[in-house]
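Student: So that you have it, the file is entry06.tsv, and it contains TSV, C-alpha atoms:
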```tsv
chain	number	residue	atom	x	y	z
N	27	ASP	CA	-100.95	-102.92	1.44
N	28	THR	CA	-99.24	-106.29	1.60
N	29	GLY	CA	-95.73	-105.07	2.38
N	30	VAL	CA	-92.59	-105.80	0.38
N	31	SER	CA	-92.96	-108.85	-1.82
N	32	GLN	CA	-90.10	-110.95	-3.18
N	33	ASP	CA	-90.11	-113.73	-5.71
N	34	PRO	CA	-89.05	-116.49	-5.80
N	35	ARG	CA	-88.69	-117.28	-2.13
N	36	HIS	CA	-86.28	-120.10	-2.84
N	37	LYS	CA	-84.06	-120.78	-5.82
N	38	ILE	CA	-81.70	-123.72	-6.28
N	39	THR	CA	-79.41	-123.49	-9.27
N	40	LYS	CA	-76.26	-125.02	-10.63
N	41	ARG	CA	-73.01	-123.14	-10.72
N	42	GLY	CA	-72.69	-121.08	-13.88
N	43	GLN	CA	-76.41	-120.49	-14.35
N	44	ASN	CA	-78.06	-117.08	-14.29
N	45	VAL	CA	-80.75	-116.23	-11.75
N	46	THR	CA	-83.12	-113.30	-11.39
N	47	PHE	CA	-84.99	-112.12	-8.33
N	48	ARG	CA	-87.91	-109.73	-8.28
N	49	CYS	CA	-88.92	-107.27	-5.58
N	50	ASP	CA	-92.19	-105.34	-5.34
N	51	PRO	CA	-91.85	-102.58	-2.74
N	52	ILE	CA	-94.57	-100.96	-0.69
N	53	SER	CA	-96.48	-98.89	-3.23
N	54	GLU	CA	-95.83	-95.39	-1.87
N	55	HIS	CA	-92.13	-96.03	-1.19
N	56	ASN	CA	-89.77	-94.53	-3.73
N	57	ARG	CA	-86.55	-95.92	-2.25
N	58	LEU	CA	-85.59	-99.53	-2.80
N	59	TYR	CA	-82.59	-101.43	-1.47
N	60	TRP	CA	-81.02	-104.81	-2.08
N	61	TYR	CA	-79.04	-106.50	0.66
N	62	ARG	CA	-77.47	-109.93	0.94
N	63	GLN	CA	-77.33	-111.90	4.17
N	64	THR	CA	-75.45	-115.07	5.01
N	65	LEU	CA	-75.81	-117.18	8.13
N	66	GLY	CA	-74.57	-115.43	11.24
N	67	GLN	CA	-73.98	-112.14	9.45
N	68	GLY	CA	-75.91	-108.93	9.18
N	69	PRO	CA	-77.38	-107.70	5.92
N	70	GLU	CA	-74.69	-106.56	3.49
N	71	PHE	CA	-75.57	-103.63	1.25
N	72	LEU	CA	-75.65	-104.31	-2.48
N	73	THR	CA	-77.42	-101.45	-4.20
N	74	TYR	CA	-79.99	-98.69	-3.76
N	75	PHE	CA	-82.55	-96.99	-6.01
N	76	GLN	CA	-84.46	-93.79	-5.65
N	77	ASN	CA	-87.31	-94.09	-8.10
N	78	GLU	CA	-85.73	-95.55	-11.24
N	79	ALA	CA	-82.25	-94.14	-10.59
N	80	GLN	CA	-79.62	-96.49	-9.18
N	81	LEU	CA	-77.83	-94.12	-6.81
N	82	GLU	CA	-75.46	-96.46	-5.03
N	83	LYS	CA	-73.77	-99.73	-5.73
N	84	SER	CA	-71.51	-101.56	-3.32
N	85	ARG	CA	-67.86	-101.90	-4.28
N	86	LEU	CA	-68.23	-105.52	-3.23
N	87	LEU	CA	-70.72	-106.10	-6.04
N	88	SER	CA	-69.01	-107.81	-8.90
N	89	ASP	CA	-69.96	-107.16	-12.51
N	90	ARG	CA	-71.88	-110.43	-12.46
N	91	PHE	CA	-74.57	-108.65	-10.47
N	92	SER	CA	-76.95	-106.19	-12.04
N	93	ALA	CA	-80.09	-104.54	-10.75
N	94	GLU	CA	-82.81	-102.55	-12.43
N	95	ARG	CA	-85.89	-100.62	-11.48
N	96	PRO	CA	-87.18	-99.62	-14.88
N	97	LYS	CA	-90.32	-97.69	-13.97
N	98	GLY	CA	-89.54	-96.84	-10.39
N	99	SER	CA	-91.82	-99.56	-9.12
N	100	PHE	CA	-90.62	-103.19	-8.96
N	101	SER	CA	-86.95	-104.10	-9.16
N	102	THR	CA	-84.99	-107.08	-10.42
N	103	LEU	CA	-81.61	-108.37	-9.29
N	104	GLU	CA	-79.82	-110.62	-11.73
N	105	ILE	CA	-76.78	-112.73	-10.96
N	106	GLN	CA	-74.92	-114.08	-13.96
N	107	ARG	CA	-72.65	-117.13	-13.94
N	108	THR	CA	-73.51	-117.97	-10.36
N	109	GLU	CA	-70.83	-119.23	-7.99
N	110	GLN	CA	-71.19	-121.22	-4.79
N	111	GLY	CA	-70.18	-118.11	-2.85
N	112	ASP	CA	-73.33	-116.40	-4.11
N	113	SER	CA	-75.45	-118.69	-1.93
N	114	ALA	CA	-77.22	-116.38	0.50
N	115	MET	CA	-80.52	-114.74	1.37
N	116	TYR	CA	-81.18	-111.78	-0.90
N	117	LEU	CA	-83.25	-109.19	0.93
N	118	CYS	CA	-85.14	-106.35	-0.65
N	119	ALA	CA	-86.26	-103.37	1.41
N	120	SER	CA	-88.11	-100.17	0.68
N	121	SER	CA	-88.54	-96.88	2.46
N	122	GLN	CA	-90.46	-93.64	2.12
N	123	ALA	CA	-89.16	-90.59	0.32
N	124	TYR	CA	-88.38	-88.89	3.62
N	125	ASP	CA	-85.26	-90.71	4.68
N	126	THR	CA	-85.92	-91.82	8.24
N	127	GLY	CA	-83.70	-94.86	8.02
N	128	GLU	CA	-86.64	-97.17	8.57
N	129	LEU	CA	-86.42	-99.93	6.04
N	130	PHE	CA	-89.26	-102.36	5.45
N	131	PHE	CA	-87.82	-105.70	4.44
N	132	GLY	CA	-89.37	-108.41	2.37
N	133	GLU	CA	-89.15	-112.06	3.37
N	134	GLY	CA	-86.15	-112.55	1.13
N	135	SER	CA	-85.16	-114.83	-1.71
N	136	ARG	CA	-82.90	-117.69	-0.66
N	137	LEU	CA	-80.37	-118.72	-3.29
N	138	THR	CA	-78.55	-122.04	-3.17
N	139	VAL	CA	-75.86	-122.61	-5.78
N	140	LEU	CA	-74.83	-126.25	-6.16
P	6	GLN	CA	-62.13	-103.36	10.63
P	7	LYS	CA	-65.87	-103.59	10.06
P	8	GLU	CA	-67.75	-100.32	9.99
P	9	VAL	CA	-70.20	-101.54	12.62
P	10	GLU	CA	-69.05	-104.07	15.20
P	11	GLN	CA	-71.18	-106.17	17.52
P	12	ASN	CA	-70.49	-109.10	19.80
P	13	SER	CA	-72.15	-112.08	18.16
P	14	GLY	CA	-73.22	-113.60	21.49
P	15	PRO	CA	-75.28	-115.41	22.41
P	16	LEU	CA	-76.17	-113.13	25.28
P	17	SER	CA	-78.24	-115.11	27.73
P	18	VAL	CA	-80.35	-113.36	30.38
P	19	PRO	CA	-83.10	-114.62	32.69
P	20	GLU	CA	-86.67	-113.51	32.17
P	21	GLY	CA	-87.32	-110.16	33.81
P	22	ALA	CA	-83.67	-109.05	33.70
P	23	ILE	CA	-82.15	-106.17	31.75
P	24	ALA	CA	-80.44	-107.14	28.50
P	25	SER	CA	-77.64	-104.82	27.37
P	26	LEU	CA	-76.57	-104.94	23.74
P	27	ASN	CA	-73.60	-102.97	22.49
P	28	CYS	CA	-72.30	-101.73	19.18
P	29	THR	CA	-69.28	-99.68	18.09
P	30	TYR	CA	-68.75	-97.97	14.78
P	31	SER	CA	-65.71	-96.72	12.93
P	32	ASP	CA	-67.21	-94.26	10.44
P	33	ARG	CA	-67.32	-90.82	12.05
P	34	GLY	CA	-69.56	-89.73	9.18
P	35	SER	CA	-72.34	-91.88	10.61
P	36	GLN	CA	-74.97	-89.59	12.05
P	37	SER	CA	-77.94	-91.78	12.89
P	38	PHE	CA	-78.25	-95.25	14.28
P	39	PHE	CA	-80.84	-97.95	14.32
P	40	TRP	CA	-81.60	-101.17	16.12
P	41	TYR	CA	-83.33	-103.86	14.13
P	42	ARG	CA	-84.65	-107.12	15.56
P	43	GLN	CA	-84.49	-110.29	13.50
P	44	TYR	CA	-86.26	-113.43	14.60
P	45	SER	CA	-84.85	-116.70	13.34
P	46	GLY	CA	-85.89	-117.27	9.75
P	47	LYS	CA	-87.50	-113.84	9.47
P	48	SER	CA	-86.48	-110.47	8.08
P	49	PRO	CA	-85.21	-107.56	10.17
P	50	GLU	CA	-87.67	-105.05	11.61
P	51	LEU	CA	-86.91	-101.65	13.08
P	52	ILE	CA	-87.36	-101.29	16.84
P	53	MET	CA	-85.43	-98.12	17.71
P	54	SER	CA	-83.70	-95.20	16.07
P	55	ILE	CA	-81.41	-92.60	17.68
P	56	TYR	CA	-79.95	-89.49	16.13
P	57	SER	CA	-78.33	-87.48	18.91
P	58	ASN	CA	-76.14	-88.15	21.92
P	59	GLY	CA	-77.87	-89.41	25.02
P	60	ASP	CA	-80.71	-91.75	25.75
P	61	LYS	CA	-83.96	-92.41	23.94
P	62	GLU	CA	-86.65	-94.49	25.60
P	63	ASP	CA	-89.55	-96.32	24.00
P	64	GLY	CA	-91.45	-98.66	26.26
P	65	ARG	CA	-89.10	-101.36	27.54
P	66	PHE	CA	-86.37	-100.29	25.13
P	67	THR	CA	-83.73	-97.60	25.65
P	68	ALA	CA	-81.19	-96.69	23.00
P	69	GLN	CA	-78.02	-94.85	23.98
P	70	LEU	CA	-75.62	-93.00	21.70
P	71	ASN	CA	-72.18	-91.59	22.46
P	72	LYS	CA	-70.69	-90.11	19.31
P	73	ALA	CA	-67.42	-89.16	20.98
P	74	SER	CA	-66.82	-92.80	21.90
P	75	GLN	CA	-68.50	-94.07	18.71
P	76	TYR	CA	-70.68	-96.31	20.80
P	77	VAL	CA	-74.33	-97.30	20.58
P	78	SER	CA	-76.25	-99.50	22.96
P	79	LEU	CA	-79.71	-100.96	23.44
P	80	LEU	CA	-81.16	-101.82	26.81
P	81	ILE	CA	-84.16	-104.09	27.08
P	82	ARG	CA	-85.86	-103.95	30.48
P	83	ASP	CA	-88.01	-106.74	31.87
P	84	SER	CA	-86.75	-109.10	29.17
P	85	GLN	CA	-89.27	-111.63	27.92
P	86	PRO	CA	-88.72	-114.94	26.12
P	87	SER	CA	-90.36	-113.30	23.10
P	88	ASP	CA	-87.40	-110.90	22.99
P	89	SER	CA	-85.14	-113.80	22.02
P	90	ALA	CA	-83.82	-112.81	18.62
P	91	THR	CA	-80.80	-111.36	16.87
P	92	TYR	CA	-80.41	-107.62	17.32
P	93	LEU	CA	-78.75	-105.76	14.48
P	94	CYS	CA	-77.12	-102.38	14.96
P	95	ALA	CA	-77.02	-100.16	11.86
P	96	GLY	CA	-75.50	-96.78	11.09
P	97	LYS	CA	-76.30	-94.23	8.43
P	98	ARG	CA	-74.13	-91.43	7.13
P	99	GLY	CA	-75.39	-87.87	7.07
P	100	THR	CA	-73.95	-87.41	3.59
P	101	GLY	CA	-72.67	-89.71	0.91
P	102	ARG	CA	-73.93	-93.27	1.21
P	103	ARG	CA	-77.60	-93.22	2.07
P	104	ALA	CA	-78.00	-96.91	2.76
P	105	LEU	CA	-77.72	-98.42	6.21
P	106	THR	CA	-74.58	-100.31	7.21
P	107	PHE	CA	-75.40	-103.22	9.49
P	108	GLY	CA	-73.34	-105.01	12.09
P	109	SER	CA	-73.33	-108.78	12.24
P	110	GLY	CA	-75.84	-108.85	15.08
P	111	THR	CA	-75.98	-110.08	18.66
P	112	ARG	CA	-78.10	-113.11	19.43
P	113	LEU	CA	-80.14	-112.65	22.61
P	114	GLN	CA	-81.60	-115.58	24.51
P	115	VAL	CA	-84.05	-114.87	27.32
P	116	GLN	CA	-84.38	-117.86	29.60
P	117	PRO	CA	-87.86	-118.44	31.13
```
Could the structure of this file be written out as structure tokens, please?
Tutor:
Amino acid sequence: DTGVSQDPRHKITKRGQNVTFRCDPISEHNRLYWYRQTLGQGPEFLTYFQNEAQLEKSRLLSDRFSAERPKGSFSTLEIQRTEQGDSAMYLCASSQAYDTGELFFGEGSRLTVL
Amino acid sequence: QKEVEQNSGPLSVPEGAIASLNCTYSDRGSQSFFWYRQYSGKSPELIMSIYSNGDKEDGRFTAQLNKASQYVSLLIRDSQPSDSATYLCAGKRGTGRRALTFGSGTRLQVQP
């Protein structure tokens, strides 16, 4: 087991472009979370899946953001028409079915919007 | 008001001292609390969880919870330079939102 894997690790894009991040959770984990973190701040919740069902989505998440987990395994987070304010570290985390609150985070995907 | 509030620090303590990290929360629906450690440039990792009022000890770490005061703390005894990191407090509701809500973190510096 290699832990939570995220790809790409770094993405530089121009304002207005679309970007997509991928997350592969720990294989036996059925819960998957996306968080966003900026410098000096804690992780900010974006969305949460249990298996393939998206059960929660932050009110802060604009309609430019969409996430999927089509087969309950890997997940993608797409940001359309990127803005400079989207520049952040996008963290994926997974957890076991029994909800202990222990999240296993990936190394993150750093987005820079020019 | 943020749901989970922490002093950003930095909190500087000498090696071998006790570091005391504090957190307050506004959501009375939060039932369980977690301390995550985040080294610079790395992702958060869980170090302690606490679900009921009182103290919970694990090695050099003690978590304290007071639900009446909506207050959570983490004590680190015999602080080591390797403890230098940002400590994130997180709360989780018993019902409704299942995801953790994180504070902004307190940066701890342990001076050799």
Student: Please tell me which residues are no farther than 7 Å from (-77.6, -114.0, 23.8) in the file, counting all atoms listed in the file, and write them as number ranges by chain.
Tutor: P: 14-17, 111-114
Student: For chain N, which residues have at least one atom within 6 Å of chain P, if we go by all atoms listed in the file? Write them as a list of chain:residue names, please.
Tutor: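 Residues passing the distance filter: N:Gln67, N:Gly68, N:Glu133.
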Student: Of the residues P:Thr29, P:Gln6, P:Ser57, P:Asn12, which is the one nearest to Tyr76 of chain P, using only C-alpha atoms?
Tutor: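 Smallest separation from Tyr76 of chain P among the options: P:Thr29.
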Student: For the point (-70.8, -88.9, 13.1) in file coordinates, what residues are within 12 Å, counting all atoms listed in the file? Give the answer as a list of chain:residue names?
Tutor: P:Thr29, P:Tyr30, P:Ser31, P:Asp32, P:Arg33, P:Gly34, P:Ser35, P:Gln36, P:Ser37, P:Phe38, P:Tyr56, P:Ser57, P:Asn58, P:Leu70, P:Asn71, P:Lys72, P:Ala73, P:Ser74, P:Gln75, P:Tyr76, P:Val77, P:Gly96, P:Lys97, P:Arg98, P:Gly99, P:Thr100
Student: Could you state the separation of atom CA of Ser84 of chain N and atom CA of Tyr44 of chain P in Å, given to one decimal place?
Tutor: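 Result for atom CA of Ser84 of chain N versus atom CA of Tyr44 of chain P: 26.1 Å, one decimal.
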Student: Mind pulling up the distance from atom CA of Glu70 of chain N to atom CA of Lys83 of chain N?
Tutor: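 Between atom CA of Lys83 of chain N and atom CA of Glu70 of chain N the gap is 11.5 Å.
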Student: Atom CA of Ala114 of chain N and atom CA of Ser25 of chain P are how many Å apart?
Tutor: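 Atom-to-atom, atom CA of Ala114 of chain N to atom CA of Ser25 of chain P, that is 29.3 Å.
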Student: List as a compact mmCIF listing (two decimals) with C-alpha atoms, in the coordinates of the input the protein and nucleic acid residues near Tyr59 of chain N, meaning an atom at most 7 Å away when only C-alpha atoms are counted, but skip any in the same chain fewer than 6 places from it.
Tutor:
```txt
# COMPACT_ATOMS: atom_id res chain seq x y z
CA THR N 73 -77.42 -101.45 -4.20
CA TYR N 74 -79.99 -98.69 -3.76
CA PHE N 75 -82.55 -96.99 -6.01
CA CYS N 118 -85.14 -106.35 -0.65
CA ALA N 119 -86.26 -103.37 1.41
CA SER N 120 -88.11 -100.17 0.68
```
Student: Box for segment 32-44 of chain N - axis-aligned, 8 Å on each of the six sides, all listed atoms - centre and size in Å to one decimal, as JSON.
Tutor:
```
{"center_x": -81.4, "center_y": -118.0, "center_z": -8.2, "size_x": 33.4, "size_y": 30.1, "size_z": 28.2}
```
Student: Which residues are near segment 39-41 of chain N? Cut-off 7 Å, all atoms listed in the file, ignore same chain within fewer than 4 positions. Put them as number ranges by chain.
Tutor: N: 107-110, 138-140
Student: Quick one: write out the picked residues with C-alpha atoms as a PDB file, in the coordinates of the input?
Tutor:
```pdb
ATOM      1  CA  ARG N 107     -72.650-117.130 -13.940  1.00  0.00           C
ATOM      2  CA  THR N 108     -73.510-117.970 -10.360  1.00  0.00           C
ATOM      3  CA  GLU N 109     -70.830-119.230  -7.990  1.00  0.00           C
ATOM      4  CA  GLN N 110     -71.190-121.220  -4.790  1.00  0.00           C
ATOM      5  CA  THR N 138     -78.550-122.040  -3.170  1.00  0.00           C
ATOM      6  CA  VAL N 139     -75.860-122.610  -5.780  1.00  0.00           C
ATOM      7  CA  LEU N 140     -74.830-126.250  -6.160  1.00  0.00           C
TER       8      LEU N 140
END
```
Student: Quick one: everything within 10 Å of Ala79 of chain N, counting all atoms listed in the file, minus sequence neighbours fewer than 6 positions away in the same chain. Send it as a CSV table (one decimal) with C-alpha atoms, keeping the file's coordinate frame.
Tutor:
```csv
chain,number,residue,atom,x,y,z
N,57,ARG,CA,-86.6,-95.9,-2.2
N,94,GLU,CA,-82.8,-102.6,-12.4
N,95,ARG,CA,-85.9,-100.6,-11.5
N,96,PRO,CA,-87.2,-99.6,-14.9
N,97,LYS,CA,-90.3,-97.7,-14.0
N,98,GLY,CA,-89.5,-96.8,-10.4
```
Student: Name the closest residue to Glu104 of chain N among the candidates N:Ser92, N:Arg35, N:Gly42, N:Leu65; distances are taken between atoms, counting all atoms listed in the file.
Tutor: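 That would be N:Ser92, the residue with the smallest distance to Glu104 of chain N.
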Student: Using only C-alpha atoms, determine which residues lie at most 7 Å from Ser121 of chain N, disregarding the query and same-chain residues fewer than 3 positions distant; provide the list as a PyMOL selection string.
Tutor: chain N and resi 55-58+128-130
Student: Would you output segment 69-80 of chain N from that structure, restricted to all heavy atoms, as a PDB file, in the first residue's frame?
Tutor:
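Written output follows (out.pdb):
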```
ATOM      1  N   PRO N  69      -6.425  23.357   6.273  1.00  0.00           N
ATOM      2  CA  PRO N  69      -7.180  22.813   5.140  1.00  0.00           C
ATOM      3  C   PRO N  69      -8.632  23.252   5.186  1.00  0.00           C
ATOM      4  O   PRO N  69      -9.275  23.205   6.244  1.00  0.00           O
ATOM      5  CB  PRO N  69      -7.047  21.299   5.328  1.00  0.00           C
ATOM      6  CG  PRO N  69      -5.811  21.115   6.151  1.00  0.00           C
ATOM      7  CD  PRO N  69      -5.784  22.298   7.064  1.00  0.00           C
ATOM      8  N   GLU N  70      -9.147  23.663   4.033  1.00  0.00           N
ATOM      9  CA  GLU N  70     -10.534  24.107   3.903  1.00  0.00           C
ATOM     10  C   GLU N  70     -11.314  23.038   3.139  1.00  0.00           C
ATOM     11  O   GLU N  70     -10.942  22.666   2.024  1.00  0.00           O
ATOM     12  CB  GLU N  70     -10.574  25.437   3.145  1.00  0.00           C
ATOM     13  CG  GLU N  70     -11.954  25.965   2.853  1.00  0.00           C
ATOM     14  CD  GLU N  70     -11.919  27.181   1.955  1.00  0.00           C
ATOM     15  OE1 GLU N  70     -11.015  27.283   1.104  1.00  0.00           O
ATOM     16  OE2 GLU N  70     -12.809  28.037   2.074  1.00  0.00           O
ATOM     17  N   PHE N  71     -12.390  22.557   3.730  1.00  0.00           N
ATOM     18  CA  PHE N  71     -13.170  21.480   3.138  1.00  0.00           C
ATOM     19  C   PHE N  71     -13.799  21.904   1.816  1.00  0.00           C
ATOM     20  O   PHE N  71     -14.371  22.985   1.699  1.00  0.00           O
ATOM     21  CB  PHE N  71     -14.267  21.052   4.114  1.00  0.00           C
ATOM     22  CG  PHE N  71     -15.280  20.112   3.546  1.00  0.00           C
ATOM     23  CD1 PHE N  71     -14.928  18.795   3.270  1.00  0.00           C
ATOM     24  CD2 PHE N  71     -16.569  20.526   3.289  1.00  0.00           C
ATOM     25  CE1 PHE N  71     -15.860  17.916   2.752  1.00  0.00           C
ATOM     26  CE2 PHE N  71     -17.503  19.656   2.769  1.00  0.00           C
ATOM     27  CZ  PHE N  71     -17.148  18.344   2.498  1.00  0.00           C
ATOM     28  N   LEU N  72     -13.690  21.020   0.831  1.00  0.00           N
ATOM     29  CA  LEU N  72     -14.332  21.259  -0.462  1.00  0.00           C
ATOM     30  C   LEU N  72     -15.488  20.293  -0.701  1.00  0.00           C
ATOM     31  O   LEU N  72     -16.612  20.697  -0.947  1.00  0.00           O
ATOM     32  CB  LEU N  72     -13.313  21.139  -1.605  1.00  0.00           C
ATOM     33  CG  LEU N  72     -12.189  22.176  -1.643  1.00  0.00           C
ATOM     34  CD1 LEU N  72     -11.249  21.890  -2.800  1.00  0.00           C
ATOM     35  CD2 LEU N  72     -12.743  23.580  -1.719  1.00  0.00           C
ATOM     36  N   THR N  73     -15.184  18.986  -0.645  1.00  0.00           N
ATOM     37  CA  THR N  73     -16.210  18.003  -0.933  1.00  0.00           C
ATOM     38  C   THR N  73     -15.809  16.645  -0.389  1.00  0.00           C
ATOM     39  O   THR N  73     -14.633  16.411  -0.065  1.00  0.00           O
ATOM     40  CB  THR N  73     -16.497  17.934  -2.451  1.00  0.00           C
ATOM     41  OG1 THR N  73     -17.675  17.162  -2.681  1.00  0.00           O
ATOM     42  CG2 THR N  73     -15.330  17.322  -3.211  1.00  0.00           C
ATOM     43  N   TYR N  74     -16.786  15.755  -0.297  1.00  0.00           N
ATOM     44  CA  TYR N  74     -16.598  14.445   0.341  1.00  0.00           C
ATOM     45  C   TYR N  74     -17.422  13.391  -0.394  1.00  0.00           C
ATOM     46  O   TYR N  74     -18.574  13.630  -0.763  1.00  0.00           O
ATOM     47  CB  TYR N  74     -17.018  14.574   1.802  1.00  0.00           C
ATOM     48  CG  TYR N  74     -17.492  13.324   2.489  1.00  0.00           C
ATOM     49  CD1 TYR N  74     -16.680  12.208   2.598  1.00  0.00           C
ATOM     50  CD2 TYR N  74     -18.767  13.276   3.070  1.00  0.00           C
ATOM     51  CE1 TYR N  74     -17.121  11.075   3.253  1.00  0.00           C
ATOM     52  CE2 TYR N  74     -19.206  12.143   3.723  1.00  0.00           C
ATOM     53  CZ  TYR N  74     -18.382  11.046   3.815  1.00  0.00           C
ATOM     54  OH  TYR N  74     -18.816   9.928   4.466  1.00  0.00           O
ATOM     55  N   PHE N  75     -16.804  12.233  -0.600  1.00  0.00           N
ATOM     56  CA  PHE N  75     -17.458  11.090  -1.238  1.00  0.00           C
ATOM     57  C   PHE N  75     -17.468   9.901  -0.281  1.00  0.00           C
ATOM     58  O   PHE N  75     -16.488   9.659   0.425  1.00  0.00           O
ATOM     59  CB  PHE N  75     -16.691  10.656  -2.495  1.00  0.00           C
ATOM     60  CG  PHE N  75     -16.769  11.624  -3.634  1.00  0.00           C
ATOM     61  CD1 PHE N  75     -15.876  12.679  -3.718  1.00  0.00           C
ATOM     62  CD2 PHE N  75     -17.718  11.477  -4.620  1.00  0.00           C
ATOM     63  CE1 PHE N  75     -15.924  13.570  -4.774  1.00  0.00           C
ATOM     64  CE2 PHE N  75     -17.781  12.362  -5.689  1.00  0.00           C
ATOM     65  CZ  PHE N  75     -16.882  13.415  -5.764  1.00  0.00           C
ATOM     66  N   GLN N  76     -18.536   9.165  -0.318  1.00  0.00           N
ATOM     67  CA  GLN N  76     -18.553   7.836   0.259  1.00  0.00           C
ATOM     68  C   GLN N  76     -18.857   6.893  -0.891  1.00  0.00           C
ATOM     69  O   GLN N  76     -19.937   6.960  -1.488  1.00  0.00           O
ATOM     70  CB  GLN N  76     -19.601   7.705   1.360  1.00  0.00           C
ATOM     71  CG  GLN N  76     -19.570   6.335   2.011  1.00  0.00           C
ATOM     72  CD  GLN N  76     -20.311   6.310   3.332  1.00  0.00           C
ATOM     73  OE1 GLN N  76     -20.238   7.247   4.118  1.00  0.00           O
ATOM     74  NE2 GLN N  76     -21.037   5.238   3.586  1.00  0.00           N
ATOM     75  N   ASN N  77     -17.888   6.065  -1.185  1.00  0.00           N
ATOM     76  CA  ASN N  77     -17.927   5.282  -2.436  1.00  0.00           C
ATOM     77  C   ASN N  77     -18.076   6.259  -3.602  1.00  0.00           C
ATOM     78  O   ASN N  77     -17.329   7.230  -3.671  1.00  0.00           O
ATOM     79  CB  ASN N  77     -19.028   4.238  -2.376  1.00  0.00           C
ATOM     80  CG  ASN N  77     -18.787   3.250  -1.254  1.00  0.00           C
ATOM     81  OD1 ASN N  77     -17.673   2.751  -1.094  1.00  0.00           O
ATOM     82  ND2 ASN N  77     -19.810   2.974  -0.452  1.00  0.00           N
ATOM     83  N   GLU N  78     -19.037   6.041  -4.483  1.00  0.00           N
ATOM     84  CA  GLU N  78     -19.158   6.934  -5.631  1.00  0.00           C
ATOM     85  C   GLU N  78     -20.101   8.106  -5.378  1.00  0.00           C
ATOM     86  O   GLU N  78     -20.224   9.000  -6.223  1.00  0.00           O
ATOM     87  CB  GLU N  78     -19.618   6.150  -6.862  1.00  0.00           C
ATOM     88  CG  GLU N  78     -21.026   5.589  -6.771  1.00  0.00           C
ATOM     89  CD  GLU N  78     -21.048   4.256  -6.075  1.00  0.00           C
ATOM     90  OE1 GLU N  78     -20.042   3.854  -5.475  1.00  0.00           O
ATOM     91  OE2 GLU N  78     -22.121   3.602  -6.138  1.00  0.00           O
ATOM     92  N   ALA N  79     -20.749   8.129  -4.225  1.00  0.00           N
ATOM     93  CA  ALA N  79     -21.731   9.173  -3.927  1.00  0.00           C
ATOM     94  C   ALA N  79     -21.059  10.405  -3.316  1.00  0.00           C
ATOM     95  O   ALA N  79     -20.330  10.304  -2.320  1.00  0.00           O
ATOM     96  CB  ALA N  79     -22.783   8.623  -2.971  1.00  0.00           C
ATOM     97  N   GLN N  80     -21.328  11.554  -3.929  1.00  0.00           N
ATOM     98  CA  GLN N  80     -20.825  12.818  -3.378  1.00  0.00           C
ATOM     99  C   GLN N  80     -21.812  13.280  -2.315  1.00  0.00           C
ATOM    100  O   GLN N  80     -22.908  13.763  -2.630  1.00  0.00           O
ATOM    101  CB  GLN N  80     -20.687  13.859  -4.488  1.00  0.00           C
ATOM    102  CG  GLN N  80     -20.020  15.157  -4.037  1.00  0.00           C
ATOM    103  CD  GLN N  80     -19.772  16.122  -5.189  1.00  0.00           C
ATOM    104  OE1 GLN N  80     -20.413  16.030  -6.233  1.00  0.00           O
ATOM    105  NE2 GLN N  80     -18.840  17.054  -5.012  1.00  0.00           N
TER     106      GLN N  80
END
```
